[in-house]
>>> print(open('data18.cif').read())   # mmCIF, C-alpha atoms
data_run
loop_
_atom_site.label_atom_id
_atom_site.label_comp_id
_atom_site.auth_asym_id
_atom_site.auth_seq_id
_atom_site.Cartn_x
_atom_site.Cartn_y
_atom_site.Cartn_z
CA MET A 114 19.12 14.20 -19.65
CA ALA A 115 19.63 11.50 -17.06
CA VAL A 116 21.93 12.23 -14.14
CA ARG A 117 24.40 9.86 -12.62
CA LEU A 118 23.25 7.50 -9.91
CA THR A 119 24.42 8.14 -6.38
CA ASP A 120 27.28 6.05 -5.03
CA GLN A 121 25.18 4.65 -2.22
CA ARG A 122 22.53 2.27 -3.49
CA SER A 123 19.15 3.79 -2.77
CA VAL A 124 15.44 3.38 -3.34
CA VAL A 125 12.85 6.16 -3.38
CA VAL A 126 9.09 5.62 -3.17
CA ILE A 127 6.99 8.52 -4.44
CA SER A 128 3.48 8.33 -3.10
CA ASP A 129 0.55 10.31 -4.47
CA TRP A 130 -0.20 11.87 -1.11
CA ILE A 131 -0.42 15.65 -0.98
CA GLU A 132 0.32 17.01 2.48
CA GLY A 133 0.45 20.40 4.13
CA PRO A 134 -1.99 23.32 4.61
CA HIS A 135 -4.53 23.62 1.83
CA ARG A 136 -4.16 26.82 -0.17
CA GLY A 137 -7.83 26.77 -1.06
CA HIS A 138 -7.27 27.43 -4.75
CA ALA A 139 -5.21 26.12 -7.60
CA SER A 140 -2.01 28.04 -8.23
CA ASP A 141 1.22 27.67 -10.13
CA ASN A 142 3.90 27.24 -7.49
CA ARG A 143 6.77 26.36 -9.82
CA ARG A 144 10.17 26.98 -8.33
CA ALA A 145 13.49 25.33 -8.79
CA ALA A 146 15.01 26.28 -5.45
CA LEU A 147 15.81 23.36 -3.19
CA PRO A 148 13.82 22.95 0.02
CA THR A 149 15.67 23.54 3.29
CA HIS A 150 15.91 19.83 4.05
CA ALA A 151 18.00 19.37 0.90
CA THR A 152 20.61 21.92 1.93
CA ASP A 153 20.82 21.10 5.64
CA PRO A 154 23.80 18.76 6.20
CA ALA A 155 21.82 16.89 8.86
CA PHE A 156 19.20 15.94 6.27
CA ARG A 157 21.41 15.22 3.28
CA PRO A 158 20.14 12.52 0.90
CA TRP A 159 21.42 9.00 0.80
CA SER A 160 22.94 9.45 4.23
CA GLY A 161 22.89 7.19 7.25
CA ASP A 162 24.58 3.97 8.11
CA GLY A 163 24.82 2.00 4.89
CA SER A 164 25.57 -1.15 6.87
CA ALA A 165 22.54 -0.84 9.16
CA SER A 166 19.97 -3.63 9.12
CA ALA A 167 16.33 -3.02 8.27
CA ASP A 168 13.33 -4.08 10.30
CA VAL A 169 10.55 -4.63 7.74
CA THR A 170 7.51 -3.10 9.40
CA GLY A 171 4.92 -0.40 8.74
CA GLY A 172 2.34 -0.02 6.01
CA TYR A 173 2.53 -0.67 2.29
CA LEU A 174 4.59 2.48 1.74
CA GLU A 175 7.34 1.32 4.08
CA ARG A 176 7.51 -2.45 3.78
CA MET A 177 8.61 -2.76 0.16
CA PRO A 178 11.57 -0.33 0.35
CA LEU A 179 12.60 -1.73 3.74
CA ALA A 180 12.49 -5.24 2.25
CA LEU A 181 14.86 -4.07 -0.51
CA VAL A 182 17.24 -2.81 2.18
CA ALA A 183 16.90 -5.97 4.27
CA ALA A 184 17.68 -8.09 1.20
CA GLY A 185 20.84 -6.10 0.48
CA ILE A 186 19.56 -4.81 -2.87
CA VAL A 187 19.89 -1.19 -1.70
CA GLU A 188 21.40 0.47 1.35
CA GLN A 189 19.10 3.44 1.92
CA ALA A 190 15.41 4.17 1.41
CA GLU A 191 13.39 7.36 1.26
CA ILE A 192 9.66 8.04 0.91
CA TRP A 193 8.76 11.25 -0.91
CA HIS A 194 5.48 13.14 -0.64
CA HIS A 195 4.16 16.29 -2.29
CA TRP A 196 3.65 19.42 -0.19
CA ARG A 197 1.11 22.18 -0.72
CA GLY A 198 1.52 25.65 0.70
CA GLU A 199 4.43 28.04 1.07
CA ASP A 200 5.87 26.77 4.35
CA GLU A 201 8.91 24.52 4.33
CA PRO A 202 8.27 20.87 3.38
CA PRO A 203 9.25 18.50 6.19
CA PHE A 204 11.98 15.91 6.59
CA ARG A 205 11.93 13.01 9.04
CA ARG A 206 14.31 10.15 9.59
CA ASP A 207 12.48 7.06 10.85
CA ASN A 208 15.62 5.03 11.45
CA ALA A 209 19.13 4.47 10.13
CA VAL A 210 17.93 3.33 6.70
CA LEU A 211 14.57 5.06 6.10
CA ALA A 212 13.85 8.78 5.76
CA ARG A 213 10.85 10.78 4.53
CA ARG A 214 10.92 14.10 2.77
CA ALA A 215 8.37 16.25 0.99
CA PHE A 216 8.65 18.72 -1.90
CA ARG A 217 6.46 21.67 -2.85
CA ILE A 218 4.03 20.74 -5.57
CA ASP A 219 3.65 22.96 -8.63
CA ASP A 220 -0.09 22.33 -8.75
CA GLU A 221 -2.50 19.66 -7.61
CA THR A 222 -3.28 18.15 -11.01
CA ALA A 223 -2.19 14.56 -11.50
CA PRO A 224 0.26 13.31 -12.62
CA PHE A 225 1.98 15.55 -10.11
CA ALA A 226 4.72 18.00 -10.97
CA SER A 227 7.30 19.34 -8.55
CA SER A 228 10.11 21.56 -9.80
CA GLU A 229 11.70 21.17 -6.37
CA MET A 230 11.78 17.42 -6.76
CA ILE A 231 13.47 17.68 -10.13
CA ALA A 232 16.00 20.18 -8.77
CA PHE A 233 16.76 17.76 -5.93
CA VAL A 234 17.49 14.92 -8.35
CA GLU A 235 19.64 17.20 -10.48
CA ALA A 236 21.61 18.27 -7.41
CA PHE A 237 22.05 14.92 -5.68
CA GLY A 238 21.52 12.28 -8.34
CA ALA A 239 18.73 9.84 -9.00
CA PRO A 240 18.08 6.81 -6.81
CA HIS A 241 19.06 3.41 -8.09
CA ILE A 242 15.43 2.25 -7.82
CA LEU A 243 12.44 4.58 -8.12
CA ILE A 244 9.00 3.27 -7.14
CA VAL A 245 6.07 5.40 -8.32
CA LEU A 246 2.64 4.79 -6.81
CA GLY A 247 -0.90 5.78 -7.65
CA LEU A 248 -1.56 8.90 -9.71
CA GLY A 249 2.06 9.29 -10.71
CA VAL A 250 4.51 12.08 -11.45
CA GLU A 251 5.22 14.19 -14.50
CA PRO A 252 7.46 12.83 -17.28
CA ALA A 253 10.17 15.44 -16.61
CA LEU A 254 11.01 13.82 -13.28
CA LEU A 255 11.14 10.37 -14.85
CA ASP A 256 13.43 11.76 -17.56
CA ALA A 257 15.74 13.00 -14.78
CA CYS A 258 15.70 9.46 -13.36
CA ALA A 259 16.23 7.68 -16.68
CA ASP A 260 19.18 5.72 -15.27
CA SER A 261 17.07 4.49 -12.38
CA ILE A 262 15.11 1.26 -12.43
CA ILE A 263 11.56 2.64 -12.40
CA LEU A 264 8.75 0.54 -10.93
CA TYR A 265 5.06 1.45 -10.80
CA ASN A 266 2.06 0.17 -8.85
CA SER A 267 -1.36 1.79 -9.04
CA ILE A 268 -2.48 0.58 -5.55
CA ASP A 269 -5.97 0.36 -7.05
CA ALA A 270 -8.13 -1.65 -9.41
CA PRO A 271 -7.08 0.19 -12.60
CA SER A 272 -3.70 -1.20 -13.61
CA LEU A 273 -2.41 2.15 -14.87
CA ARG A 274 -3.70 5.37 -13.33
CA VAL A 275 -1.33 7.52 -15.37
CA PRO A 276 -1.31 8.69 -19.01
CA SER A 277 0.78 6.89 -21.62
CA GLU A 278 3.48 9.56 -21.69
CA VAL A 279 4.14 8.73 -18.03
CA SER A 280 3.78 4.94 -18.13
CA ALA A 281 6.14 4.71 -21.13
CA HIS A 282 9.01 5.42 -18.69
CA PHE A 283 8.33 2.38 -16.50
CA ASP A 284 10.70 -0.58 -16.48
CA LEU A 285 8.29 -2.75 -14.46
CA VAL A 286 4.62 -2.49 -13.60
CA ILE A 287 3.67 -4.39 -10.47
CA THR A 288 0.11 -5.66 -10.77
CA GLY A 289 -2.41 -7.42 -8.56
CA ALA A 290 -4.03 -9.78 -11.07
CA GLN A 291 -3.47 -11.19 -14.56
CA TRP A 292 -6.10 -8.93 -16.12
CA GLN A 293 -4.08 -5.92 -14.94
CA SER A 294 -0.93 -7.31 -16.55
CA ASP A 295 -2.92 -7.84 -19.74
CA GLU A 296 -4.00 -4.17 -19.68
CA VAL A 297 -0.38 -3.07 -19.37
CA GLU A 298 0.63 -5.31 -22.27
CA LYS A 299 -2.16 -3.83 -24.39
CA ARG A 300 -0.94 -0.27 -23.80
CA HIS A 301 2.79 -1.02 -23.88
CA PRO A 302 3.54 -4.29 -25.71
CA GLY A 303 6.53 -6.05 -24.20
CA MET A 304 6.62 -4.02 -20.97
CA ARG A 305 7.60 -6.11 -17.96
CA THR A 306 4.91 -6.87 -15.40
CA ALA A 307 4.86 -8.92 -12.22
CA ILE A 308 1.81 -9.98 -10.25
CA LEU A 309 3.30 -9.00 -6.92
CA PRO A 310 0.91 -6.58 -5.17
CA ILE A 311 2.98 -4.70 -2.65
CA GLY A 312 0.37 -4.63 0.12
CA PRO A 313 -0.33 -8.33 0.70
CA GLU A 314 2.90 -9.70 -0.82
CA PHE A 315 5.34 -7.68 1.30
CA ALA A 316 3.79 -8.74 4.60
CA ALA A 317 5.76 -8.24 7.81
CA ILE A 318 6.21 -11.54 9.60
CA ASP A 319 5.42 -10.55 13.18
CA GLN A 320 3.71 -7.19 12.81
CA PHE A 321 0.40 -9.05 12.84
CA ARG A 322 0.34 -12.22 14.90
CA PRO A 323 -1.95 -14.39 17.04
CA LEU A 324 -2.22 -13.30 20.67
CA GLY A 325 -4.28 -16.17 22.04
CA THR A 326 -6.89 -13.77 23.42
CA ALA A 327 -10.63 -14.37 23.66
CA LYS A 328 -12.73 -14.12 20.51
CA GLY A 329 -15.36 -11.62 21.62
CA VAL A 330 -16.73 -10.84 18.16
CA ASP A 331 -17.40 -13.00 15.13
CA LEU A 332 -15.86 -10.91 12.37
CA ILE A 333 -13.78 -7.82 11.76
CA TYR A 334 -13.55 -5.46 8.80
CA VAL A 335 -10.51 -3.18 8.80
CA ALA A 336 -11.09 -0.74 5.96
CA ALA A 337 -11.39 2.96 5.24
CA ALA A 338 -14.89 4.31 5.63
CA GLN A 339 -15.14 4.98 1.91
CA PRO A 340 -17.66 3.78 -0.67
CA TYR A 341 -15.29 1.51 -2.63
CA LYS A 342 -14.72 -0.63 0.47
CA ARG A 343 -18.39 -1.66 0.17
CA HIS A 344 -19.40 -1.78 3.81
CA ASP A 345 -22.96 -1.87 2.47
CA ILE A 346 -22.42 -5.51 1.43
CA LEU A 347 -21.46 -6.44 4.98
CA PHE A 348 -24.32 -4.43 6.50
CA ASP A 349 -26.87 -5.94 4.09
CA ALA A 350 -25.68 -9.40 5.11
CA LEU A 351 -25.79 -8.62 8.83
CA ALA A 352 -29.32 -7.28 8.47
CA GLN A 353 -30.38 -10.77 7.32
CA LEU A 354 -28.71 -12.56 10.22
CA PRO A 355 -29.54 -13.05 13.89
CA ARG A 356 -28.38 -10.13 15.99
CA ASP A 357 -26.04 -12.39 17.95
CA VAL A 358 -23.70 -12.24 14.93
CA ARG A 359 -21.29 -9.59 16.15
CA ALA A 360 -19.01 -7.50 13.96
CA LEU A 361 -16.21 -5.00 14.52
CA CYS A 362 -15.47 -2.24 11.97
CA VAL A 363 -12.14 -0.42 12.21
CA PHE A 364 -11.75 2.80 10.22
CA GLY A 365 -8.42 4.50 9.67
CA TYR A 366 -10.08 7.37 7.83
CA GLY A 367 -12.99 8.01 5.53
CA GLU A 368 -16.01 10.21 4.98
CA ASP A 369 -18.66 7.49 5.48
CA ALA A 370 -17.98 6.73 9.16
CA ASP A 371 -20.89 8.74 10.60
CA ALA A 372 -23.37 7.39 8.04
CA LEU A 373 -22.31 3.81 8.71
CA ARG A 374 -22.70 4.27 12.46
CA GLN A 375 -26.15 5.74 11.92
CA ARG A 376 -27.20 2.84 9.68
CA ALA A 377 -26.08 0.34 12.32
CA ARG A 378 -28.20 2.16 14.91
CA ASP A 379 -31.22 2.38 12.60
CA GLN A 380 -31.12 -1.34 11.81
CA ASN A 381 -30.06 -2.47 15.28
CA LEU A 382 -27.00 -4.23 13.87
CA SER A 383 -24.50 -5.72 16.32
CA ILE A 384 -21.49 -3.71 15.15
CA GLU A 385 -18.78 -2.11 17.24
CA PHE A 386 -16.88 0.76 15.62
CA VAL A 387 -13.33 2.04 16.11
CA GLY A 388 -12.11 5.23 14.41
CA PRO A 389 -11.49 7.37 12.59
CA PRO A 390 -8.87 8.45 13.39
CA GLY A 391 -6.88 5.28 12.96
CA VAL A 392 -5.13 3.43 15.76
CA PRO A 393 -1.53 2.14 15.90
CA ILE A 394 -0.63 -1.16 14.26
CA ASP A 395 -0.27 -2.98 17.58
CA GLU A 396 -3.81 -1.93 18.48
CA VAL A 397 -5.13 -3.08 15.09
CA ASN A 398 -3.51 -6.44 15.76
CA ARG A 399 -5.15 -6.60 19.18
CA LEU A 400 -8.54 -5.78 17.64
CA MET A 401 -8.07 -8.45 14.97
CA ASN A 402 -7.38 -11.00 17.67
CA ARG A 403 -10.82 -10.33 19.15
CA ALA A 404 -12.43 -11.75 15.99
CA LYS A 405 -12.78 -15.24 14.54
CA PHE A 406 -12.34 -14.16 10.91
CA GLY A 407 -11.79 -11.09 8.77
CA VAL A 408 -13.81 -9.87 5.81
CA VAL A 409 -12.95 -8.03 2.60
CA CYS A 410 -16.09 -6.71 0.96
CA GLY A 411 -14.76 -4.57 -1.88
CA ILE A 412 -15.02 -5.23 -5.60
CA ASP A 413 -13.27 -2.38 -7.42
CA ASP A 414 -10.26 -2.45 -5.15
CA GLY A 415 -6.59 -3.18 -5.51
CA ALA A 416 -5.23 -6.20 -3.69
CA PRO A 417 -5.69 -5.01 -0.10
CA ALA A 418 -2.78 -5.45 2.30
CA ILE A 419 -5.31 -6.47 4.92
CA LEU A 420 -5.74 -9.85 3.20
CA THR A 421 -2.45 -11.22 4.50
CA GLU A 422 -2.48 -9.04 7.61
CA TYR A 423 -5.64 -10.80 8.80
CA MET A 424 -4.06 -14.14 8.00
CA LEU A 425 -0.84 -13.41 9.88
CA ALA A 426 -2.98 -12.55 12.91
CA GLY A 427 -4.44 -16.05 12.60
CA LEU A 428 -7.74 -15.03 10.99
CA PRO A 429 -9.13 -16.76 7.90
CA VAL A 430 -10.69 -14.36 5.40
CA LEU A 431 -14.11 -14.18 3.81
CA ALA A 432 -13.66 -12.17 0.60
CA ASN A 433 -16.12 -10.91 -1.94
CA ALA A 434 -15.92 -13.25 -4.93
CA GLY A 435 -16.07 -10.18 -7.15
CA LEU A 436 -12.86 -8.66 -5.75
CA ARG A 437 -10.90 -7.68 -8.84
CA CYS A 438 -7.40 -8.00 -7.37
CA GLY A 439 -6.20 -10.32 -4.64
CA LEU A 440 -8.33 -13.45 -4.85
CA GLN A 441 -5.12 -15.47 -5.34
CA PHE A 442 -4.59 -15.14 -1.58
CA ILE A 443 -7.81 -17.00 -0.80
CA LEU A 444 -6.89 -20.69 -0.67
CA PRO A 445 -8.69 -23.60 1.02
CA GLU A 446 -6.44 -23.12 4.05
CA THR A 447 -6.77 -19.30 4.21
CA GLY A 448 -10.50 -18.64 3.77
CA MET A 449 -13.37 -18.59 1.32
CA THR A 450 -15.15 -16.33 -1.13
CA ALA A 451 -18.81 -15.54 -1.52
CA SER A 452 -20.95 -13.54 -3.89
CA THR A 453 -22.63 -10.40 -2.67
CA ASN A 454 -25.93 -12.30 -2.45
CA GLY A 455 -24.28 -15.19 -0.61
CA PHE A 456 -22.38 -13.14 1.94
CA ALA A 457 -24.85 -13.74 4.78
CA ASP A 458 -24.72 -17.52 4.45
CA ALA A 459 -20.93 -17.41 4.16
CA ILE A 460 -20.69 -15.44 7.40
CA LEU A 461 -22.59 -18.19 9.20
CA THR A 462 -20.32 -20.84 7.63
CA MET A 463 -17.16 -19.00 8.64
CA ARG A 464 -18.55 -18.48 12.12
CA GLU A 465 -18.70 -22.26 12.54
CA THR A 466 -15.55 -23.31 10.68
CA TRP A 467 -13.00 -20.53 11.36
CA ALA A 468 -10.83 -22.73 13.57
CA GLU A 469 -10.33 -25.29 10.77
CA PHE A 470 -8.20 -22.96 8.63
CA ARG A 471 -4.43 -22.38 8.87
CA PRO A 472 -3.99 -18.89 7.46
CA ARG A 473 -0.80 -17.80 9.21
CA GLU A 474 1.11 -20.91 8.18
CA ALA A 475 0.01 -20.43 4.55
CA VAL A 476 1.22 -16.82 4.47
CA LEU A 477 4.56 -17.71 6.06
CA GLU A 478 5.06 -20.36 3.39
CA ARG A 479 4.22 -18.07 0.46
CA TRP A 480 3.77 -14.33 0.86
CA THR A 481 5.87 -12.69 3.54
CA TRP A 482 8.41 -10.13 2.36
CA PRO A 483 11.42 -12.52 2.12
CA HIS A 484 9.56 -14.57 -0.53
CA SER A 485 8.42 -11.51 -2.46
CA VAL A 486 11.67 -9.54 -2.37
CA ALA A 487 13.52 -12.59 -3.68
CA ARG A 488 11.24 -12.63 -6.73
CA LEU A 489 11.49 -8.88 -7.15
CA GLY A 490 15.26 -8.94 -6.76
CA GLU A 491 15.61 -11.34 -9.69
CA ILE A 492 13.52 -9.05 -11.89
CA ILE A 493 15.46 -5.96 -10.82
CA GLU A 494 18.72 -7.71 -11.70
CA GLN A 495 17.37 -8.56 -15.16
CA ILE A 496 16.28 -4.96 -15.72
CA HIS A 497 19.65 -3.66 -14.50
CA ASP A 498 21.52 -5.94 -16.90
CA ALA A 499 19.28 -4.92 -19.80
CA LYS A 500 19.83 -1.20 -19.15
CA GLN A 501 23.64 -1.48 -19.15
#
>>> encode(input="data18.cif", output="structure tokens")
Amino acid sequence: MAVRLTDQRSVVVISDWIEGPHRGHASDNRRAALPTHATDPAFRPWSGDGSASADVTGGYLERMPLALVAAGIVEQAEIWHHWRGEDEPPFRRDNAVLARRAFRIDDETAPFASSEMIAFVEAFGAPHILIVLGLGVEPALLDACADSIILYNSIDAPSLRVPSEVSAHFDLVITGAQWQSDEVEKRHPGMRTAILPIGPEFAAIDQFRPLGTAKGVDLIYVAAAQPYKRHDILFDALAQLPRDVRALCVFGYGEDADALRQRARDQNLSIEFVGPPGVPIDEVNRLMNRAKFGVVCGIDDGAPAILTEYMLAGLPVLANAGLRCGLQFILPETGMTASTNGFADAILTMRETWAEFRPREAVLERWTWPHSVARLGEIIEQIHDAKQ
């Protein structure tokens, strides 16, 4: 049975991250007791200054809820994670309007179940807006939040990474391309969708920006060192090109970092590497400003936030023409696409023409968070009216 909404307008984002010490084996950790952060008055939910302004910064987890606060659609935002292990899940307040809390997970099988999370909603009420990402949560939690406006985004190439008994609860599925919206319609005829990928669409205006510094490398690829980011396409292209074509690869995380470094050494490729671990956003912006253009090599990828982040830093983008989500951000003024086989030639073209593009201006006109939250706000209002 749905619980009442809290008096203070709130949004919760539930990520599919699992944090905390690994238990090393699957176990049933079901418990209904509230975590300490739920009972400590200093960490009470939906608290803080409801009149405080929001600075829309951070990664894709933060920017969308902060945009909802900045637009006045909600007053408070929280990001929820799942916690493994028996120790107390953490709580952290980032600022007056954004907090993060974690809940013990019952087991590590997706869609994720947390009896603690359900008990929390039963005790304190559901948020006005619930945003579910990735591998999703169990239907029981969504039942507890039936009065909430429930949004979903897979953050990946598949449009729905959850079973039908979970996705049936969604009021809106945010997609990254028309084919994803078509997949949602096929599973749930009449379900609302919006092509509004939260990474590139909810871009922070000045988080990435031109610095006017020297362009010491030709191109940069900021991407996890994981197979789906297809660094092999970039490396294959560089192997065909003169060694004075210089690249910079920035890894936040990923298991392929050592192998990619070794390949660059073996083939004498002119690549500089940074990370893992990742570096702060300001440093990523500084590294971007060393390059003439950015690349996105993936195919089976969701619409990467880095598309508009490059552009806001003043870099046009060379994207793989096979990228399944996000090619709508590649316009004549923001960059170009190339097939896998044509990537080497496209790198040489971009090396010569990068200064002719106007990527930052194009993003400011179309895709920064004020544009996107205005669209989303209209849809949320329609859903709200329909649920009354």
>>> residues_around(input="data18.cif", residues="Phe204 in chain A", least_positions_apart="6", cutoff="12 Å", atoms="only C-alpha atoms", output="list of chain:residue names")
A:Pro148, A:Thr149, A:His150, A:Ala151, A:Thr152, A:Asp153, A:Ala155, A:Phe156, A:Arg157, A:Pro158, A:Glu191, A:Ile192, A:Trp193, A:His194, A:His195, A:Trp196, A:Leu211, A:Ala212, A:Arg213, A:Arg214, A:Ala215, A:Phe216
>>> closest_residue(input="data18.cif", among="A:Val387, A:Ala475, A:Ile496, A:Ala190", to="Met177 in chain A", atoms="only C-alpha atoms")
A:Ala190
>>> closest_residue(input="data18.cif", among="A:Ala336, A:Ala259, A:Leu347, A:Ala418", to="Asn454 in chain A", atoms="only C-alpha atoms")
A:Leu347
>>> resolve_selection(input="data18.cif", expression="the PyMOL selection byres ((chain A and resi 295) around 12)", output="PDB file with C-alpha atoms, in the frame of the given file")
ATOM      1  CA  PRO A 271      -7.080   0.190 -12.600  1.00  0.00           C
ATOM      2  CA  SER A 272      -3.700  -1.200 -13.610  1.00  0.00           C
ATOM      3  CA  LEU A 273      -2.410   2.150 -14.870  1.00  0.00           C
ATOM      4  CA  VAL A 286       4.620  -2.490 -13.600  1.00  0.00           C
ATOM      5  CA  ILE A 287       3.670  -4.390 -10.470  1.00  0.00           C
ATOM      6  CA  THR A 288       0.110  -5.660 -10.770  1.00  0.00           C
ATOM      7  CA  GLY A 289      -2.410  -7.420  -8.560  1.00  0.00           C
ATOM      8  CA  ALA A 290      -4.030  -9.780 -11.070  1.00  0.00           C
ATOM      9  CA  GLN A 291      -3.470 -11.190 -14.560  1.00  0.00           C
ATOM     10  CA  TRP A 292      -6.100  -8.930 -16.120  1.00  0.00           C
ATOM     11  CA  GLN A 293      -4.080  -5.920 -14.940  1.00  0.00           C
ATOM     12  CA  SER A 294      -0.930  -7.310 -16.550  1.00  0.00           C
ATOM     13  CA  GLU A 296      -4.000  -4.170 -19.680  1.00  0.00           C
ATOM     14  CA  VAL A 297      -0.380  -3.070 -19.370  1.00  0.00           C
ATOM     15  CA  GLU A 298       0.630  -5.310 -22.270  1.00  0.00           C
ATOM     16  CA  LYS A 299      -2.160  -3.830 -24.390  1.00  0.00           C
ATOM     17  CA  ARG A 300      -0.940  -0.270 -23.800  1.00  0.00           C
ATOM     18  CA  HIS A 301       2.790  -1.020 -23.880  1.00  0.00           C
ATOM     19  CA  PRO A 302       3.540  -4.290 -25.710  1.00  0.00           C
ATOM     20  CA  GLY A 303       6.530  -6.050 -24.200  1.00  0.00           C
ATOM     21  CA  MET A 304       6.620  -4.020 -20.970  1.00  0.00           C
ATOM     22  CA  ARG A 305       7.600  -6.110 -17.960  1.00  0.00           C
ATOM     23  CA  THR A 306       4.910  -6.870 -15.400  1.00  0.00           C
ATOM     24  CA  ALA A 307       4.860  -8.920 -12.220  1.00  0.00           C
ATOM     25  CA  ILE A 308       1.810  -9.980 -10.250  1.00  0.00           C
TER      26      ILE A 308
END
>>> closest_residue(input="data18.cif", among="A:Ile242, A:Ala223, A:Val126, A:Val363", to="Tyr173 in chain A", atoms="all atoms listed in the file")
A:Val126
>>> residues_around(input="data18.cif", residues="Arg359 in chain A", least_positions_apart="6", cutoff="9 Å", atoms="all atoms listed in the file", output="list in words")
Gly329, Val330, Asp331, Leu332, Ile333, Leu351, Leu382, Ser383, Ile384 and Glu385 of chain A
>>> resolve_selection(input="data18.cif", expression="the PyMOL selection byres ((chain A and resi 176) around 12)", output="MDAnalysis selection string")
chainID A and resid 126 167:175 177:184 190:192 211 310:318 320 418 481:483 485:486
>>> closest_residue(input="data18.cif", among="A:Pro203, A:Arg464, A:Cys258, A:Asn402", to="Asp357 in chain A", atoms="only C-alpha atoms")
A:Arg464
>>> atom_distance(input="data18.cif", atom1="CA of Phe406 in chain A", atom2="CA of Val430 in chain A")
5.8 Å
>>> resolve_selection(input="data18.cif", expression="the PyMOL selection byres ((chain A and resi 226) around 6)", output="VMD selection string")
chain A and resid 219 225 227 250 to 251
>>> residues_around(input="data18.cif", residues="Arg437 in chain A", least_positions_apart="4", cutoff="7 Å", atoms="all atoms listed in the file", output="list in words")
Ala270, Ile412, Asp413 and Asp414 of chain A
>>> atom_distance(input="data18.cif", atom1="CA of Glu491 in chain A", atom2="CA of Pro417 in chain A")
24.2 Å
>>> closest_residue(input="data18.cif", among="A:Met463, A:Ala426, A:Ala499, A:Ala236", to="Ile262 in chain A", atoms="only C-alpha atoms")
A:Ala499
>>> atom_distance(input="data18.cif", atom1="CA of Glu199 in chain A", atom2="CA of Val234 in chain A")
20.8 Å
>>> residues_near_point(input="data18.cif", point="(21.7, -2.3, -19.0)", cutoff="12 Å", atoms="only C-alpha atoms", output="JSON, numbers by chain")
{"A": [259, 260, 261, 262, 284, 493, 494, 495, 496, 497, 498, 499, 500, 501]}
>>> closest_residue(input="data18.cif", among="A:Phe237, A:Tyr265, A:Tyr334, A:Trp467", to="Asp129 in chain A", atoms="only C-alpha atoms")
A:Tyr265
>>> residues_around(input="data18.cif", residues="Ala350 in chain A", least_positions_apart="6", cutoff="9 Å", atoms="all atoms listed in the file", output="JSON, numbers by chain")
{"A": [453, 454, 455, 456, 457, 458, 460]}
>>> residues_near_point(input="data18.cif", point="(-12.3, -3.0, -1.6)", cutoff="7 Å", atoms="only C-alpha atoms", output="list in words")
Tyr341, Lys342, Arg343, Val409, Cys410, Gly411, Ile412, Asp413, Asp414 and Gly415 of chain A
>>> decode(input="data18.cif", residues="range 460-471 of chain A", atoms="N, CA and C atoms", output="PDB file, in the first residue's frame")
ATOM      1  N   ILE A 460      40.322  11.352 -37.731  1.00  0.00           N
ATOM      2  CA  ILE A 460      41.229  11.980 -36.765  1.00  0.00           C
ATOM      3  C   ILE A 460      42.087  13.030 -37.465  1.00  0.00           C
ATOM      4  N   LEU A 461      42.600  12.712 -38.635  1.00  0.00           N
ATOM      5  CA  LEU A 461      43.410  13.689 -39.368  1.00  0.00           C
ATOM      6  C   LEU A 461      42.580  14.895 -39.776  1.00  0.00           C
ATOM      7  N   THR A 462      41.311  14.669 -40.176  1.00  0.00           N
ATOM      8  CA  THR A 462      40.438  15.786 -40.539  1.00  0.00           C
ATOM      9  C   THR A 462      40.171  16.681 -39.339  1.00  0.00           C
ATOM     10  N   MET A 463      39.845  16.072 -38.214  1.00  0.00           N
ATOM     11  CA  MET A 463      39.560  16.859 -37.015  1.00  0.00           C
ATOM     12  C   MET A 463      40.811  17.598 -36.526  1.00  0.00           C
ATOM     13  N   ARG A 464      41.933  16.993 -36.731  1.00  0.00           N
ATOM     14  CA  ARG A 464      43.194  17.638 -36.322  1.00  0.00           C
ATOM     15  C   ARG A 464      43.393  18.955 -37.062  1.00  0.00           C
ATOM     16  N   GLU A 465      42.924  19.015 -38.309  1.00  0.00           N
ATOM     17  CA  GLU A 465      43.098  20.216 -39.119  1.00  0.00           C
ATOM     18  C   GLU A 465      41.957  21.214 -38.956  1.00  0.00           C
ATOM     19  N   THR A 466      40.767  20.733 -38.613  1.00  0.00           N
ATOM     20  CA  THR A 466      39.581  21.609 -38.669  1.00  0.00           C
ATOM     21  C   THR A 466      38.973  21.917 -37.303  1.00  0.00           C
ATOM     22  N   TRP A 467      39.569  21.463 -36.219  1.00  0.00           N
ATOM     23  CA  TRP A 467      38.949  21.566 -34.894  1.00  0.00           C
ATOM     24  C   TRP A 467      38.549  23.008 -34.535  1.00  0.00           C
ATOM     25  N   ALA A 468      39.324  23.962 -34.969  1.00  0.00           N
ATOM     26  CA  ALA A 468      39.054  25.355 -34.594  1.00  0.00           C
ATOM     27  C   ALA A 468      37.856  25.944 -35.328  1.00  0.00           C
ATOM     28  N   GLU A 469      37.332  25.254 -36.334  1.00  0.00           N
ATOM     29  CA  GLU A 469      36.209  25.778 -37.115  1.00  0.00           C
ATOM     30  C   GLU A 469      34.847  25.498 -36.471  1.00  0.00           C
ATOM     31  N   PHE A 470      34.817  24.649 -35.449  1.00  0.00           N
ATOM     32  CA  PHE A 470      33.561  24.283 -34.805  1.00  0.00           C
ATOM     33  C   PHE A 470      33.221  25.278 -33.684  1.00  0.00           C
ATOM     34  N   ARG A 471      31.972  25.241 -33.224  1.00  0.00           N
ATOM     35  CA  ARG A 471      31.533  26.088 -32.108  1.00  0.00           C
ATOM     36  C   ARG A 471      30.733  25.253 -31.111  1.00  0.00           C
TER      37      ARG A 471
END
